[in-house]
Amino acid sequence: MADEKNFQAKAFTAKGTSRDTVDLPGELFDGTVHMPAMHQAVKAYLANQRQGTAKTKTRSYVAGGNQKPWKQKGTGRARQGSIRAPNWVGGGTVFGPIPRSYAQYVPRQVRALARKSALNARAREGAIAIVDLFDFDAPKTKNMLAPIEKVGGADKKVLVPTNGAKPNVFLSGRNLPNVHVMPYSDVSTYHILWSDLVVIEEGAL
């Protein structure tokens, strides 16, 4: 459902100094929070991370067992056809995992709705902050740590969507376990919902 009010976000300079709040763009931040779309997007994202390489050997792949261990009749024991049958120690596995794809496809419009919903959910919580510009001359962790602490993300999981790929900014945040830096265009619903605070570079919006 849509909310009539315009969402606002706290704004900061590149060094973390607070400035006037800014209005978030209405076409994106319109209050829409579609839970089923977010659930589908996150479930598909996690499924797509699976390699699907788990494999066990069925009886046809276990070495040995090419002949009957004893004749069919007359021994008094139960008939057996192979020492690699699943009921034997060292035998094959029944219905074990084999390599497969866990990939799930989500339509583009559903992905867009889910990401929009996640951003609106964070905006409702006041968990979005805007920073003028991230532009580091060299990759240094303290360059990223200082502004993150000043915007209130010291003890939170922080997502930092940047305006395009910025290697120095990414490398500056790589050593911070609770900070995830990535281009705004690559941000997914999962990343937004993972974070407690979304610090967006102003140019990305």
# chains A, B, ... in the order shown; residues from 1 in each chain; ligands from 1
call {"tool": "residues_around", "arguments": {"residues": "region 20-23 of chain A", "least_positions_apart": "5", "cutoff": "12 Å", "atoms": "only C-alpha atoms", "output": "CSV table (one decimal) with N, CA, C and O atoms, in the first residue's frame"}}
result
chain,number,residue,atom,x,y,z
A,5,LYS,N,2.8,10.6,2.5
A,5,LYS,CA,3.8,11.5,2.9
A,5,LYS,C,5.1,11.2,2.2
A,5,LYS,O,5.4,10.1,1.7
A,6,ASN,N,5.9,12.3,2.0
A,6,ASN,CA,7.2,12.2,1.4
A,6,ASN,C,8.2,11.7,2.5
A,6,ASN,O,8.3,12.3,3.6
A,7,PHE,N,9.0,10.8,2.1
A,7,PHE,CA,10.0,10.3,3.0
A,7,PHE,C,11.2,11.2,3.0
A,7,PHE,O,11.6,11.7,1.9
A,8,GLN,N,11.8,11.4,4.1
A,8,GLN,CA,13.0,12.2,4.2
A,8,GLN,C,14.1,11.4,4.9
A,8,GLN,O,13.9,10.4,5.6
A,9,ALA,N,15.4,11.7,4.6
A,9,ALA,CA,16.5,11.0,5.1
A,9,ALA,C,17.5,12.0,5.6
A,9,ALA,O,17.7,13.1,5.1
A,10,LYS,N,18.2,11.6,6.7
A,10,LYS,CA,19.3,12.4,7.2
A,10,LYS,C,20.4,12.5,6.1
A,10,LYS,O,20.7,11.5,5.4
A,11,ALA,N,21.0,13.6,6.0
A,11,ALA,CA,22.1,13.8,5.0
A,11,ALA,C,23.4,14.3,5.7
A,11,ALA,O,23.4,14.9,6.8
A,12,PHE,N,24.5,13.8,5.1
A,12,PHE,CA,25.8,14.1,5.7
A,12,PHE,C,26.8,14.5,4.6
A,12,PHE,O,26.6,14.1,3.4
A,13,THR,N,27.8,15.2,5.0
A,13,THR,CA,28.9,15.4,4.0
A,13,THR,C,29.8,14.2,3.9
A,13,THR,O,29.6,13.2,4.6
A,28,LEU,N,10.4,6.5,-6.3
A,28,LEU,CA,10.9,5.3,-5.7
A,28,LEU,C,10.4,5.1,-4.3
A,28,LEU,O,10.0,3.9,-4.0
A,29,PHE,N,10.4,6.1,-3.5
A,29,PHE,CA,10.0,6.0,-2.1
A,29,PHE,C,8.5,6.5,-2.0
A,29,PHE,O,8.3,7.6,-1.6
A,30,ASP,N,7.6,5.6,-2.4
A,30,ASP,CA,6.2,6.0,-2.3
A,30,ASP,C,5.5,5.2,-1.3
A,30,ASP,O,4.2,5.2,-1.2
A,123,ALA,N,13.1,3.1,4.7
A,123,ALA,CA,12.8,4.5,4.8
A,123,ALA,C,11.8,4.7,5.9
A,123,ALA,O,11.8,5.7,6.6
A,126,GLY,N,13.4,4.9,9.1
A,126,GLY,CA,14.4,6.0,9.3
A,126,GLY,C,15.8,5.4,9.2
A,126,GLY,O,16.7,6.0,9.8
A,128,ILE,N,17.7,5.1,6.5
A,128,ILE,CA,18.4,5.5,5.2
A,128,ILE,C,19.1,6.8,5.5
A,128,ILE,O,18.5,7.8,6.0
A,129,ALA,N,20.3,6.9,5.1
A,129,ALA,CA,21.1,8.1,5.2
A,129,ALA,C,21.7,8.5,3.8
A,129,ALA,O,22.0,7.5,3.1
A,130,ILE,N,21.9,9.7,3.6
A,130,ILE,CA,22.5,10.2,2.3
A,130,ILE,C,23.8,10.9,2.6
A,130,ILE,O,23.9,11.7,3.5
A,131,VAL,N,24.8,10.5,1.8
A,131,VAL,CA,26.1,11.1,1.9
A,131,VAL,C,26.5,11.8,0.6
A,131,VAL,O,26.2,11.2,-0.5
A,132,ASP,N,27.0,13.0,0.6
A,132,ASP,CA,27.3,13.7,-0.6
A,132,ASP,C,28.1,13.0,-1.6
A,132,ASP,O,27.7,12.8,-2.7
A,202,GLU,N,24.7,10.3,-2.7
A,202,GLU,CA,23.7,11.1,-3.3
A,202,GLU,C,23.6,10.9,-4.8
A,202,GLU,O,22.5,10.9,-5.4
A,205,LEU,N,21.2,8.2,-6.3
A,205,LEU,CA,19.8,8.4,-6.4
A,205,LEU,C,19.4,9.4,-7.6
A,205,LEU,O,18.2,9.4,-7.9
call {"tool": "select_by_dssp", "arguments": {"residues": "region 50-181 of chain A", "states": "alpha helix (DSSP H)", "output": "PyMOL selection string"}}
result
chain A and resi 108-124+141-150+167-173
call {"tool": "write_last_selection", "arguments": {"atoms": "N, CA, C and O atoms", "output": "short mmCIF file (atom, residue, chain, number, x, y, z; two decimals), in the first residue's frame"}}
result
data_model
loop_
_atom_site.label_atom_id
_atom_site.label_comp_id
_atom_site.auth_asym_id
_atom_site.auth_seq_id
_atom_site.Cartn_x
_atom_site.Cartn_y
_atom_site.Cartn_z
N ARG A 108 11.77 -9.76 -13.98
CA ARG A 108 12.42 -8.46 -13.77
C ARG A 108 11.52 -7.50 -12.99
O ARG A 108 11.98 -6.80 -12.08
N GLN A 109 10.24 -7.46 -13.31
CA GLN A 109 9.34 -6.53 -12.63
C GLN A 109 9.13 -6.91 -11.17
O GLN A 109 8.99 -6.04 -10.31
N VAL A 110 9.16 -8.21 -10.88
CA VAL A 110 9.04 -8.65 -9.49
C VAL A 110 10.30 -8.28 -8.72
O VAL A 110 10.24 -7.84 -7.56
N ARG A 111 11.47 -8.44 -9.35
CA ARG A 111 12.73 -8.05 -8.70
C ARG A 111 12.73 -6.55 -8.40
O ARG A 111 13.16 -6.11 -7.32
N ALA A 112 12.24 -5.76 -9.36
CA ALA A 112 12.20 -4.30 -9.17
C ALA A 112 11.24 -3.94 -8.04
O ALA A 112 11.54 -3.07 -7.20
N LEU A 113 10.08 -4.59 -7.99
CA LEU A 113 9.11 -4.33 -6.93
C LEU A 113 9.67 -4.72 -5.57
O LEU A 113 9.47 -4.00 -4.58
N ALA A 114 10.38 -5.84 -5.52
CA ALA A 114 10.95 -6.30 -4.24
C ALA A 114 12.00 -5.33 -3.74
O ALA A 114 12.03 -4.99 -2.54
N ARG A 115 12.87 -4.85 -4.64
CA ARG A 115 13.91 -3.92 -4.20
C ARG A 115 13.31 -2.59 -3.76
O ARG A 115 13.72 -2.01 -2.76
N LYS A 116 12.31 -2.14 -4.50
CA LYS A 116 11.61 -0.90 -4.12
C LYS A 116 10.94 -1.06 -2.76
O LYS A 116 11.00 -0.15 -1.92
N SER A 117 10.34 -2.23 -2.52
CA SER A 117 9.69 -2.48 -1.24
C SER A 117 10.69 -2.48 -0.10
O SER A 117 10.42 -1.96 1.00
N ALA A 118 11.86 -3.07 -0.33
CA ALA A 118 12.89 -3.12 0.71
C ALA A 118 13.38 -1.72 1.06
O ALA A 118 13.58 -1.38 2.23
N LEU A 119 13.58 -0.89 0.03
CA LEU A 119 14.02 0.49 0.28
C LEU A 119 12.95 1.26 1.05
O LEU A 119 13.26 2.04 1.96
N ASN A 120 11.69 1.06 0.69
CA ASN A 120 10.61 1.74 1.41
C ASN A 120 10.52 1.28 2.85
O ASN A 120 10.22 2.06 3.75
N ALA A 121 10.76 -0.03 3.07
CA ALA A 121 10.73 -0.55 4.44
C ALA A 121 11.81 0.11 5.30
O ALA A 121 11.57 0.48 6.45
N ARG A 122 13.00 0.29 4.72
CA ARG A 122 14.08 0.95 5.47
C ARG A 122 13.76 2.44 5.66
O ARG A 122 14.08 3.02 6.70
N ALA A 123 13.14 3.07 4.66
CA ALA A 123 12.79 4.48 4.79
C ALA A 123 11.76 4.69 5.89
O ALA A 123 11.83 5.67 6.64
N ARG A 124 10.80 3.77 6.01
CA ARG A 124 9.80 3.87 7.08
C ARG A 124 10.44 3.81 8.45
O ARG A 124 9.96 4.40 9.41
N THR A 141 41.05 1.85 5.46
CA THR A 141 39.89 1.47 6.24
C THR A 141 39.36 2.64 7.07
O THR A 141 38.15 2.83 7.20
N LYS A 142 40.26 3.45 7.61
CA LYS A 142 39.82 4.56 8.46
C LYS A 142 39.03 5.60 7.67
O LYS A 142 38.19 6.31 8.23
N ASN A 143 39.27 5.70 6.36
CA ASN A 143 38.50 6.62 5.54
C ASN A 143 37.02 6.25 5.51
O ASN A 143 36.15 7.12 5.43
N MET A 144 36.74 4.96 5.56
CA MET A 144 35.36 4.50 5.55
C MET A 144 34.78 4.45 6.97
O MET A 144 33.62 4.75 7.19
N LEU A 145 35.62 4.07 7.92
CA LEU A 145 35.14 3.89 9.29
C LEU A 145 34.65 5.20 9.90
O LEU A 145 33.61 5.23 10.58
N ALA A 146 35.37 6.30 9.65
CA ALA A 146 35.01 7.58 10.28
C ALA A 146 33.62 8.05 9.89
O ALA A 146 32.79 8.34 10.77
N PRO A 147 33.29 8.16 8.59
CA PRO A 147 31.92 8.61 8.25
C PRO A 147 30.84 7.62 8.67
O PRO A 147 29.73 8.03 9.03
N ILE A 148 31.13 6.31 8.63
CA ILE A 148 30.14 5.33 9.04
C ILE A 148 29.78 5.51 10.51
O ILE A 148 28.59 5.43 10.89
N GLU A 149 30.78 5.77 11.35
CA GLU A 149 30.50 5.99 12.77
C GLU A 149 29.70 7.26 13.00
O GLU A 149 28.81 7.30 13.85
N LYS A 150 29.98 8.29 12.21
CA LYS A 150 29.30 9.57 12.42
C LYS A 150 27.84 9.54 11.97
O LYS A 150 27.01 10.30 12.49
N PRO A 167 36.57 1.45 -6.78
CA PRO A 167 37.47 0.47 -6.15
C PRO A 167 38.04 0.92 -4.82
O PRO A 167 38.12 0.12 -3.87
N ASN A 168 38.46 2.18 -4.71
CA ASN A 168 39.06 2.64 -3.46
C ASN A 168 38.05 2.64 -2.31
O ASN A 168 38.40 2.34 -1.16
N VAL A 169 36.81 2.96 -2.62
CA VAL A 169 35.77 2.94 -1.58
C VAL A 169 35.48 1.50 -1.18
O VAL A 169 35.35 1.18 0.00
N PHE A 170 35.41 0.61 -2.17
CA PHE A 170 35.15 -0.80 -1.87
C PHE A 170 36.27 -1.38 -1.01
O PHE A 170 36.01 -2.07 -0.01
N LEU A 171 37.52 -1.12 -1.38
CA LEU A 171 38.65 -1.66 -0.63
C LEU A 171 38.74 -1.06 0.77
O LEU A 171 39.21 -1.71 1.70
N SER A 172 38.28 0.18 0.93
CA SER A 172 38.31 0.83 2.24
C SER A 172 37.32 0.17 3.20
O SER A 172 37.53 0.17 4.42
N GLY A 173 36.23 -0.37 2.66
CA GLY A 173 35.24 -1.00 3.52
C GLY A 173 35.35 -2.50 3.62
O GLY A 173 34.61 -3.13 4.38
#
call {"tool": "atom_distance", "arguments": {"atom1": "CA of Ala85 (chain A)", "atom2": "CA of Gln51 (chain A)"}}
result
29.0 Å
call {"tool": "residues_around", "arguments": {"residues": "Asn66 (chain A)", "least_positions_apart": "5", "cutoff": "10 Å", "atoms": "only C-alpha atoms", "output": "compact mmCIF listing (two decimals) with all heavy atoms, in the first residue's frame"}}
result
# COMPACT_ATOMS: atom_id res chain seq x y z
N SER A 60 25.78 -48.12 -8.71
CA SER A 60 26.41 -48.28 -10.02
C SER A 60 27.78 -47.62 -10.08
O SER A 60 28.56 -47.90 -11.00
CB SER A 60 25.50 -47.69 -11.10
OG SER A 60 25.31 -46.31 -10.90
N GLY A 81 22.80 -60.21 -4.69
CA GLY A 81 23.28 -60.07 -6.05
C GLY A 81 24.59 -59.32 -6.16
O GLY A 81 25.30 -59.44 -7.15
N SER A 82 24.93 -58.55 -5.10
CA SER A 82 26.15 -57.74 -5.17
C SER A 82 26.53 -57.30 -3.77
O SER A 82 25.66 -57.04 -2.92
CB SER A 82 25.93 -56.50 -6.05
OG SER A 82 27.02 -55.62 -5.95
N ILE A 83 27.83 -57.24 -3.52
CA ILE A 83 28.27 -56.73 -2.20
C ILE A 83 28.26 -55.21 -2.17
O ILE A 83 28.63 -54.61 -1.16
CB ILE A 83 29.68 -57.25 -1.86
CG1 ILE A 83 30.71 -56.74 -2.86
CG2 ILE A 83 29.70 -58.76 -1.76
CD1 ILE A 83 32.15 -57.02 -2.44
N ARG A 84 27.87 -54.57 -3.28
CA ARG A 84 27.77 -53.12 -3.31
C ARG A 84 26.31 -52.65 -3.30
O ARG A 84 26.03 -51.50 -3.59
CB ARG A 84 28.51 -52.56 -4.53
CG ARG A 84 30.02 -52.78 -4.48
CD ARG A 84 30.63 -52.04 -3.30
NE ARG A 84 32.07 -52.31 -3.19
CZ ARG A 84 32.63 -52.96 -2.19
NH1 ARG A 84 31.87 -53.46 -1.21
NH2 ARG A 84 33.93 -53.15 -2.14
call {"tool": "closest_atom_pairs", "arguments": {"of": "region 90-172 of chain A", "to": "region 43-50 of chain A", "cutoff": "10 Å", "atoms": "only C-alpha atoms", "output": "Markdown table"}}
result
| residue | atom | partner | partner_atom | distance |
| --- | --- | --- | --- | --- |
| A:Arg100 | CA | A:Arg50 | CA | 9.8 |
| A:Ser101 | CA | A:Arg50 | CA | 8.1 |
| A:Tyr102 | CA | A:Ala47 | CA | 5.8 |
| A:Ala103 | CA | A:Asn48 | CA | 4.8 |
| A:Gln104 | CA | A:Ala44 | CA | 5.3 |
| A:Tyr105 | CA | A:Ala44 | CA | 7.0 |
| A:Val106 | CA | A:Ala44 | CA | 7.1 |
call {"tool": "write_last_selection", "arguments": {"atoms": "C-alpha atoms", "output": "compact mmCIF listing (two decimals), in the first residue's frame"}}
result
# COMPACT_ATOMS: atom_id res chain seq x y z
CA ARG A 100 22.13 -30.17 -9.84
CA SER A 101 21.21 -26.52 -10.31
CA TYR A 102 19.28 -24.74 -7.57
CA ALA A 103 18.80 -21.61 -9.70
CA GLN A 104 15.47 -19.82 -9.44
CA TYR A 105 14.25 -17.22 -11.90
CA VAL A 106 12.38 -14.14 -10.72
call {"tool": "closest_residue", "arguments": {"among": "A:Ser18, A:Thr53, A:Gln40, A:Ser195", "to": "Pro99 (chain A)", "atoms": "only C-alpha atoms"}}
result
A:Thr53
call {"tool": "select_by_dssp", "arguments": {"residues": "region 127-183 of chain A", "states": "strand (DSSP E)", "output": "ChimeraX atom specification"}}
result
/A:128-131,158-162,179-183
